[in-house]
Amino acid sequence: MHYLSDIDGVTIYPIISLFIFFAFFIGLFYWVFKMDKSSIDEIRNIPLDNNNPNHLNQ
Amino acid sequence: MDYVKVSYDNKIVKQFALATVFWGIIGMTVGLWIALELVFPQLNMGVPQLSFGRDRPIHTNAVIFAFVGNGIFMGVYYSLQRLCKAPMFSKFLSNLHFWSWQLIIVLAALSLSMGITTGKEYAELEWPIDILITLVWVVFGINMMGTIIKRRERHIYVGIWFYIATLVTVAMLHIVNSLELPVSLFKSYSIYAGVQDALVQWWYGHNAVAFFLTTPYLGLMYYFLPKAANRPVYSYKLSIVHFWTLIFLYIWAGPHHLLYTALPHWAQTLGTVFSIMLIAPSWGGMVNGLLTLRGAWDKVREDVVLKFMVVAVTAYGMSTFEGPMLSLKNVNAIGHFTDWIVAHVHIGALGWNGFLTFGILYWLIPKMWRTTLYSKSAANFHFWIGTLGILVYAVPMYWGGFTQALMWKDFNAEGQLSYTFLETSTQLKGMYALRSIGGTLYLIGVFMMAWNLWKTAAQGSFLAEEEVEVPEMPRTYNKPKGEFWHRPLERRPIQFMIVALIMVIIGGVIELVPTFLIKSNIPTISSVQPYTPLELQGRDIYVREGCYTCHSQMVRPFRSEVVRYGEYSKAGEFVYDHPFQWGSKRTGPDLAREGVGHLKKTDAWHYMHMLDPRQVSSGSIMPAYPWLHDSEVNMDMIPAKIRAMQKLGVPYPEGYDQIATEDYLKQADGIVANMKADKEIESPNTAEIVALIAYLQRLGVDINTETNLQNQAKK
C-alpha cells in the first residue's frame, strides 16, 4: 500500500505543481492588473439589468 | 438587434424560499433544544430520539443542508436565470431537485433520530441517503450548467463562478468522504481508518464550511448585495483575484482541525500555513462587499435589507479572521475542544449565513409578490433582536471557552491539576443558560420574519413567470483585440468548471495521498489489536448515540492532558477504527484512556452511570441512557460486521465470523458476572449496555500494554 515511496524522484511532483500554481497566480495578477477598464464596467453592471431587458408583465 | 421573450421561473424560487424559512425554524429550534439539554440534562426524559447525542447532528445537518442548502438553491435559481438572461434549463429537473432535496432532509431527520449514523461530523447520513444526495447533486448540476450553456449573456458573471466551484467541489468532497462499506441497509463502516479517516473527514468538514457555507453565499453576495444597494460591485478585478485564491487556498486548510493530534506534523503545518494565507482572499471578499456600499451608507440606515447584509458581511470578515488565528498552534491549544469553537461557528452561521439569508428573503419576497414589505418596523425589530441574539449567544460561549481552557490547564502549587473535569463543566452551566437565551432571541426574530413575509405575500400577488424581452446573443463572437487567457475562460462554462476542479483537486491530492501511501506517516504499534466482537458492537452503540459529540478520544501532548488522562495519543493506535472517533468538542472528558490507569472504573460503575449519571457523579450534565439497559443487541449482525471489518483489512483470523458470536457471549458473561458480584446488578448478556461497557473498558488498553512492555524492557 505504500506506493509513493517506491516511485523514483517522487518529490519532483509537488515541486512541479508548486511551480505551475505560482505561475498561474502571477499570471492572474498580471492579467487582472492590465484588464481593460471599459469592459469591466460593462461586466460589473450585469446584475443591475443596465443593458435593460424589458419587463412585460410587471 | 433581435429581441427574444424569455420567462423566468419564480415558482421554484418561491418553493425554495418557503423551504428555507421552514427548515430554518426547525433546525434552529432543535439547536435551542440541545442547548437547553446542556442546562437541564434531564430534558431527554429517557427518550433516545430526544437525547443530545442524536439531536446535535440533526441540528447541524438541518441548519447546514436544509436551511442554508435551500437558501443557496433559492438564491441560485433566482440569480442564475437573470444573470444568464435565460430560464432554467429544465423545469422538470428544477422540481425533481426541489422535491428530492426535501425528501433527503426528511430522511435525514428520521434516520438521525433513530441513531442511524456514520459518526462523521456533518456527514452522518448513511450510505443510501449518501447515494441519493449524489444523484440530486447531479440533477442540480445538469440544470445549472445547462442554463449557463443556454445563456444569452456572453460573459459569465463572477457570482456564477462561485456557483460552479461549489458544484464541483461539494461533489468531490461528498464522494471521497462518504466512501463506506455497507453492512446492512442502515449500517456501514468508513473505508478509511483512524488517522486517514480523520484527515479525510476534516478535509471534508472544513471544506463543507468553505464550499457549502461560504462559496455559494459569496456568489449570492455578489448578486444580491449590488441589487439591494442598486450599485455595481466595488471592484470586479478584486472579485477575480478573490475567487481563484479563495478556492485554491481553502481546500488545503482542513488539517487545522487536527492540530496537536496524532496526525503527522507536516500535515498539521500545511493546514496552519494555508489557513493564515486564507485571510487575504477572505478579507478581499469582505472588503469588496462592504465597499460596494461606498457612497451609499446613508441607505444602510433606511434599508433593512442592507442592514442585514452589512452585518452578514462583517460577521464573515470576523469569523474568517478568527479561523486563521485559531489555526495557529498556540491559539488552538487554548481554543480546541472548548466552547470557543462553538462561538466561532455561530458567528459564521448566525451572522454570515443567517443574516445574508434574511436580507435576501426581505428583498426577494416583496419583489416576487410585486408589493412592498408588510412591516418595516417588524423587520427592523428582527434585525435588532437577531443581532442581540448573536451577541448573547457568542459572548458567553467565548467566556466559557476561555474558562474551560484555563481550568483544564491549571495546576496548583503542589503540581497537581487544580480542577476535576466535572468542576470545569459545572462551572459553565450559567454560560450555557445564557447561550440558550441568545438562541431564543435569535429564533424569535426568525418567527417574526416568517410572519412578516407571510403577510407580505398575502397582500401582494405572486408573479410565477416573469416575462422579459432580452437581446438575442449573436451566434458568432467577434473577439476583441488583445483578448487572451482568462477572458475566454469567462465565457466557456465547461472549461471554467474543469479549471476550478483542477484547482481544488491538487490541494486535496497533495494533502491526502501521502498519508495513505507513505508508511512512515502512521507508525504501527505491535500491541494494538482489533476489537473483540463485543467491543466492536459497543463501539457501534457509541457511534449510534453520538457520544463523539461531547467526548473526544484524543489526548494531546500537553502536560495538563497527560496528567489528566494518561499517555498522549499516537497515530498507530487507531488503525482499526472505522470510523475514527476523535471528536471535536469536550463537553465531557476525553475517553481515550477510559479503560486504564486512574480513569478505570468498574463495570458496575459504568452501568449505574449510564442509567443515571447524576447519582454517580453529582452535578454532571451528561444525559441518562436508560434504553441501553433494556434494549438487546441484534446478534444476527455480528458475523456480518466481522466480515465487513475483514474486508476493510482488519486482521481477524479467517473464519472468525463463525465463532465471533460465541466469543461475544463469553466476554459479555464475564461483565454480567462482574456486575452481579460487585453490585448485585442483573443484566442479560445481550443487553446493549454490556457491549458499551466492554468498549469503554477497552479504551487505552492497547497502548497501556505497549507502555508496560517498554518499561519491562528498560528494567
# chains A, B, ... in the order shown; residues from 1 in each chain; ligands from 1
$ residues_around --residues "Asp49 (chain A)" --least-positions-apart "5" --cutoff "12 Å" --atoms "only C-alpha atoms" --output "ChimeraX atom specification"
/A:42-44,54-55 /B:79,82-85,153,223,226-227,230-232,468-471
$ write_last_selection --atoms "N, CA and C atoms" --output "mmCIF file, in the first residue's frame"
data_model
loop_
_atom_site.group_PDB
_atom_site.id
_atom_site.type_symbol
_atom_site.label_atom_id
_atom_site.label_comp_id
_atom_site.auth_asym_id
_atom_site.auth_seq_id
_atom_site.Cartn_x
_atom_site.Cartn_y
_atom_site.Cartn_z
ATOM 1 N N GLU A 42 -18.823 47.265 -17.992
ATOM 2 C CA GLU A 42 -19.949 46.559 -18.586
ATOM 3 C C GLU A 42 -20.270 45.302 -17.774
ATOM 4 N N ILE A 43 -19.203 44.575 -17.444
ATOM 5 C CA ILE A 43 -19.384 43.297 -16.762
ATOM 6 C C ILE A 43 -19.959 43.477 -15.362
ATOM 7 N N ARG A 44 -19.437 44.453 -14.640
ATOM 8 C CA ARG A 44 -19.886 44.548 -13.252
ATOM 9 C C ARG A 44 -21.310 45.064 -13.135
ATOM 10 N N ASN A 54 -36.681 44.324 -21.164
ATOM 11 C CA ASN A 54 -37.967 44.993 -20.952
ATOM 12 C C ASN A 54 -38.912 44.063 -20.234
ATOM 13 N N HIS A 55 -39.387 44.512 -19.118
ATOM 14 C CA HIS A 55 -40.316 43.683 -18.371
ATOM 15 C C HIS A 55 -41.681 43.749 -19.019
ATOM 16 N N SER B 79 -31.019 34.140 -9.170
ATOM 17 C CA SER B 79 -29.994 34.977 -9.800
ATOM 18 C C SER B 79 -29.484 34.391 -11.118
ATOM 19 N N ARG B 82 -31.448 35.297 -14.210
ATOM 20 C CA ARG B 82 -31.307 36.711 -14.593
ATOM 21 C C ARG B 82 -29.902 37.024 -15.106
ATOM 22 N N LEU B 83 -28.900 36.419 -14.468
ATOM 23 C CA LEU B 83 -27.525 36.671 -14.921
ATOM 24 C C LEU B 83 -27.271 36.042 -16.283
ATOM 25 N N CYS B 84 -28.011 34.962 -16.578
ATOM 26 C CA CYS B 84 -27.836 34.285 -17.868
ATOM 27 C C CYS B 84 -28.864 34.765 -18.891
ATOM 28 N N LYS B 85 -29.790 35.596 -18.440
ATOM 29 C CA LYS B 85 -30.910 36.025 -19.289
ATOM 30 C C LYS B 85 -31.568 34.825 -19.971
ATOM 31 N N GLU B 153 -26.193 35.885 -22.346
ATOM 32 C CA GLU B 153 -25.254 36.925 -21.908
ATOM 33 C C GLU B 153 -23.882 36.295 -22.061
ATOM 34 N N TYR B 223 -24.328 38.917 -6.156
ATOM 35 C CA TYR B 223 -25.519 39.282 -6.915
ATOM 36 C C TYR B 223 -26.460 40.169 -6.098
ATOM 37 N N PRO B 226 -25.199 43.984 -4.646
ATOM 38 C CA PRO B 226 -25.347 45.067 -5.641
ATOM 39 C C PRO B 226 -26.803 45.360 -5.980
ATOM 40 N N LYS B 227 -27.642 44.314 -6.044
ATOM 41 C CA LYS B 227 -29.056 44.537 -6.351
ATOM 42 C C LYS B 227 -29.702 45.394 -5.272
ATOM 43 N N ASN B 230 -28.331 48.773 -5.284
ATOM 44 C CA ASN B 230 -28.501 49.364 -6.607
ATOM 45 C C ASN B 230 -27.222 50.044 -7.113
ATOM 46 N N ARG B 231 -26.132 49.390 -6.891
ATOM 47 C CA ARG B 231 -24.865 49.861 -7.449
ATOM 48 C C ARG B 231 -23.958 48.658 -7.682
ATOM 49 N N PRO B 232 -23.083 48.770 -8.681
ATOM 50 C CA PRO B 232 -22.272 47.599 -9.026
ATOM 51 C C PRO B 232 -21.263 47.260 -7.935
ATOM 52 N N VAL B 468 -39.707 38.656 -19.748
ATOM 53 C CA VAL B 468 -38.895 39.806 -20.139
ATOM 54 C C VAL B 468 -38.459 39.652 -21.593
ATOM 55 N N GLU B 469 -38.081 40.770 -22.161
ATOM 56 C CA GLU B 469 -37.532 40.740 -23.515
ATOM 57 C C GLU B 469 -36.039 40.996 -23.411
ATOM 58 N N VAL B 470 -35.262 40.096 -23.926
ATOM 59 C CA VAL B 470 -33.818 40.299 -23.829
ATOM 60 C C VAL B 470 -33.198 40.212 -25.221
ATOM 61 N N PRO B 471 -32.079 40.901 -25.413
ATOM 62 C CA PRO B 471 -31.431 40.827 -26.724
ATOM 63 C C PRO B 471 -30.889 39.416 -26.969
#
$ select_by_dssp --residues "region 65-290 of chain B" --states "helix (DSSP H, G or I)" --output "PyMOL selection string"
chain B and resi 65-84+91-113+127-149+158-177+194-229+236-250+254-258+265-277+279-290
$ residues_around --residues "region 612-624 of chain B" --least-positions-apart "3" --cutoff "10 Å" --atoms "only C-alpha atoms" --output "NGL selection string"
:B and (37-48 or 51-53 or 421-423 or 425-426 or 429 or 550 or 587-588 or 605-609 or 627-628)
$ select_by_dssp --residues "region 387-625 of chain B" --states "strand (DSSP E)" --output "mmCIF file with C-alpha atoms, in the first residue's frame"
data_model
loop_
_atom_site.group_PDB
_atom_site.id
_atom_site.type_symbol
_atom_site.label_atom_id
_atom_site.label_comp_id
_atom_site.auth_asym_id
_atom_site.auth_seq_id
_atom_site.Cartn_x
_atom_site.Cartn_y
_atom_site.Cartn_z
ATOM 1 C CA GLU B 465 -43.419 33.613 -14.532
ATOM 2 C CA GLU B 466 -41.569 36.857 -15.026
ATOM 3 C CA GLU B 467 -41.587 37.582 -18.735
ATOM 4 C CA VAL B 468 -38.895 39.806 -20.139
ATOM 5 C CA GLU B 469 -37.532 40.740 -23.515
ATOM 6 C CA VAL B 470 -33.818 40.299 -23.829
ATOM 7 C CA PRO B 471 -31.431 40.827 -26.724
#
$ residues_around --residues "region 521-526 of chain B" --least-positions-apart "6" --cutoff "10 Å" --atoms "only C-alpha atoms" --output "NGL selection string"
:B and (194-196 or 262-267 or 514-515 or 570-575 or 702-703 or 705-706)
$ residues_around --residues "Asn452 (chain B)" --least-positions-apart "2" --cutoff "10 Å" --atoms "only C-alpha atoms" --output "PDB file with N, CA and C atoms, in the first residue's frame"
ATOM      1  N   TYR B 362     -35.932  39.244   2.615  1.00  0.00           N
ATOM      2  CA  TYR B 362     -36.652  40.520   2.730  1.00  0.00           C
ATOM      3  C   TYR B 362     -36.624  41.300   1.414  1.00  0.00           C
ATOM      4  N   LEU B 373     -42.701  45.460   1.539  1.00  0.00           N
ATOM      5  CA  LEU B 373     -42.645  44.663   2.751  1.00  0.00           C
ATOM      6  C   LEU B 373     -43.795  45.053   3.672  1.00  0.00           C
ATOM      7  N   TYR B 374     -44.469  44.052   4.252  1.00  0.00           N
ATOM      8  CA  TYR B 374     -45.663  44.309   5.072  1.00  0.00           C
ATOM      9  C   TYR B 374     -45.346  45.230   6.248  1.00  0.00           C
ATOM     10  N   SER B 375     -44.315  44.871   7.009  1.00  0.00           N
ATOM     11  CA  SER B 375     -43.980  45.728   8.154  1.00  0.00           C
ATOM     12  C   SER B 375     -42.482  45.988   8.220  1.00  0.00           C
ATOM     13  N   LYS B 376     -42.116  47.228   7.937  1.00  0.00           N
ATOM     14  CA  LYS B 376     -40.707  47.598   8.025  1.00  0.00           C
ATOM     15  C   LYS B 376     -40.237  47.578   9.469  1.00  0.00           C
ATOM     16  N   SER B 377     -41.116  48.004  10.365  1.00  0.00           N
ATOM     17  CA  SER B 377     -40.685  48.084  11.761  1.00  0.00           C
ATOM     18  C   SER B 377     -40.479  46.692  12.338  1.00  0.00           C
ATOM     19  N   ALA B 378     -41.307  45.725  11.909  1.00  0.00           N
ATOM     20  CA  ALA B 378     -41.099  44.348  12.381  1.00  0.00           C
ATOM     21  C   ALA B 378     -39.763  43.817  11.864  1.00  0.00           C
ATOM     22  N   ALA B 379     -39.442  44.170  10.615  1.00  0.00           N
ATOM     23  CA  ALA B 379     -38.167  43.714  10.048  1.00  0.00           C
ATOM     24  C   ALA B 379     -36.999  44.353  10.792  1.00  0.00           C
ATOM     25  N   HIS B 382     -36.637  42.617  13.972  1.00  0.00           N
ATOM     26  CA  HIS B 382     -35.944  41.343  13.707  1.00  0.00           C
ATOM     27  C   HIS B 382     -34.438  41.573  13.636  1.00  0.00           C
ATOM     28  N   VAL B 446     -36.590  35.104  13.874  1.00  0.00           N
ATOM     29  CA  VAL B 446     -36.902  34.302  12.686  1.00  0.00           C
ATOM     30  C   VAL B 446     -38.410  34.071  12.577  1.00  0.00           C
ATOM     31  N   PHE B 447     -39.061  33.826  13.724  1.00  0.00           N
ATOM     32  CA  PHE B 447     -40.522  33.670  13.698  1.00  0.00           C
ATOM     33  C   PHE B 447     -41.187  34.960  13.206  1.00  0.00           C
ATOM     34  N   MET B 448     -40.659  36.103  13.666  1.00  0.00           N
ATOM     35  CA  MET B 448     -41.235  37.377  13.227  1.00  0.00           C
ATOM     36  C   MET B 448     -41.056  37.557  11.732  1.00  0.00           C
ATOM     37  N   MET B 449     -39.917  37.151  11.237  1.00  0.00           N
ATOM     38  CA  MET B 449     -39.677  37.260   9.799  1.00  0.00           C
ATOM     39  C   MET B 449     -40.676  36.395   9.036  1.00  0.00           C
ATOM     40  N   ALA B 450     -40.881  35.166   9.527  1.00  0.00           N
ATOM     41  CA  ALA B 450     -41.812  34.261   8.843  1.00  0.00           C
ATOM     42  C   ALA B 450     -43.196  34.911   8.764  1.00  0.00           C
ATOM     43  N   TRP B 454     -44.991  36.273   5.382  1.00  0.00           N
ATOM     44  CA  TRP B 454     -46.311  35.687   5.081  1.00  0.00           C
ATOM     45  C   TRP B 454     -47.315  36.797   4.785  1.00  0.00           C
ATOM     46  N   LYS B 455     -47.314  37.826   5.634  1.00  0.00           N
ATOM     47  CA  LYS B 455     -48.221  38.958   5.449  1.00  0.00           C
ATOM     48  C   LYS B 455     -47.893  39.702   4.153  1.00  0.00           C
ATOM     49  N   THR B 456     -46.605  39.811   3.872  1.00  0.00           N
ATOM     50  CA  THR B 456     -46.192  40.479   2.631  1.00  0.00           C
ATOM     51  C   THR B 456     -46.747  39.730   1.427  1.00  0.00           C
ATOM     52  N   ALA B 457     -46.597  38.409   1.478  1.00  0.00           N
ATOM     53  CA  ALA B 457     -47.081  37.591   0.359  1.00  0.00           C
ATOM     54  C   ALA B 457     -48.596  37.719   0.245  1.00  0.00           C
ATOM     55  N   ALA B 458     -49.268  37.769   1.400  1.00  0.00           N
ATOM     56  CA  ALA B 458     -50.731  37.820   1.390  1.00  0.00           C
ATOM     57  C   ALA B 458     -51.251  39.120   0.767  1.00  0.00           C
TER      58      ALA B 458
END
$ residues_around --residues "Asp130 (chain B)" --least-positions-apart "6" --cutoff "9 Å" --atoms "only C-alpha atoms" --output "MDAnalysis selection string"
chainID B and resid 123 174:175 178
$ closest_residue --among "B:Ala315, B:Leu391, B:Ile156, B:Ile671" --to "Gly289 (chain B)" --atoms "only C-alpha atoms"
B:Ala315
$ residues_around --residues "Met1 (chain B)" --least-positions-apart "4" --cutoff "9 Å" --atoms "only C-alpha atoms" --output "ChimeraX atom specification"
/B:471-474
$ atom_distance --atom1 "CA of Met645 (chain B)" --atom2 "CA of Tyr192 (chain B)"
11.1 Å
$ atom_distance --atom1 "CA of Lys585 (chain B)" --atom2 "CA of His257 (chain B)"
11.0 Å
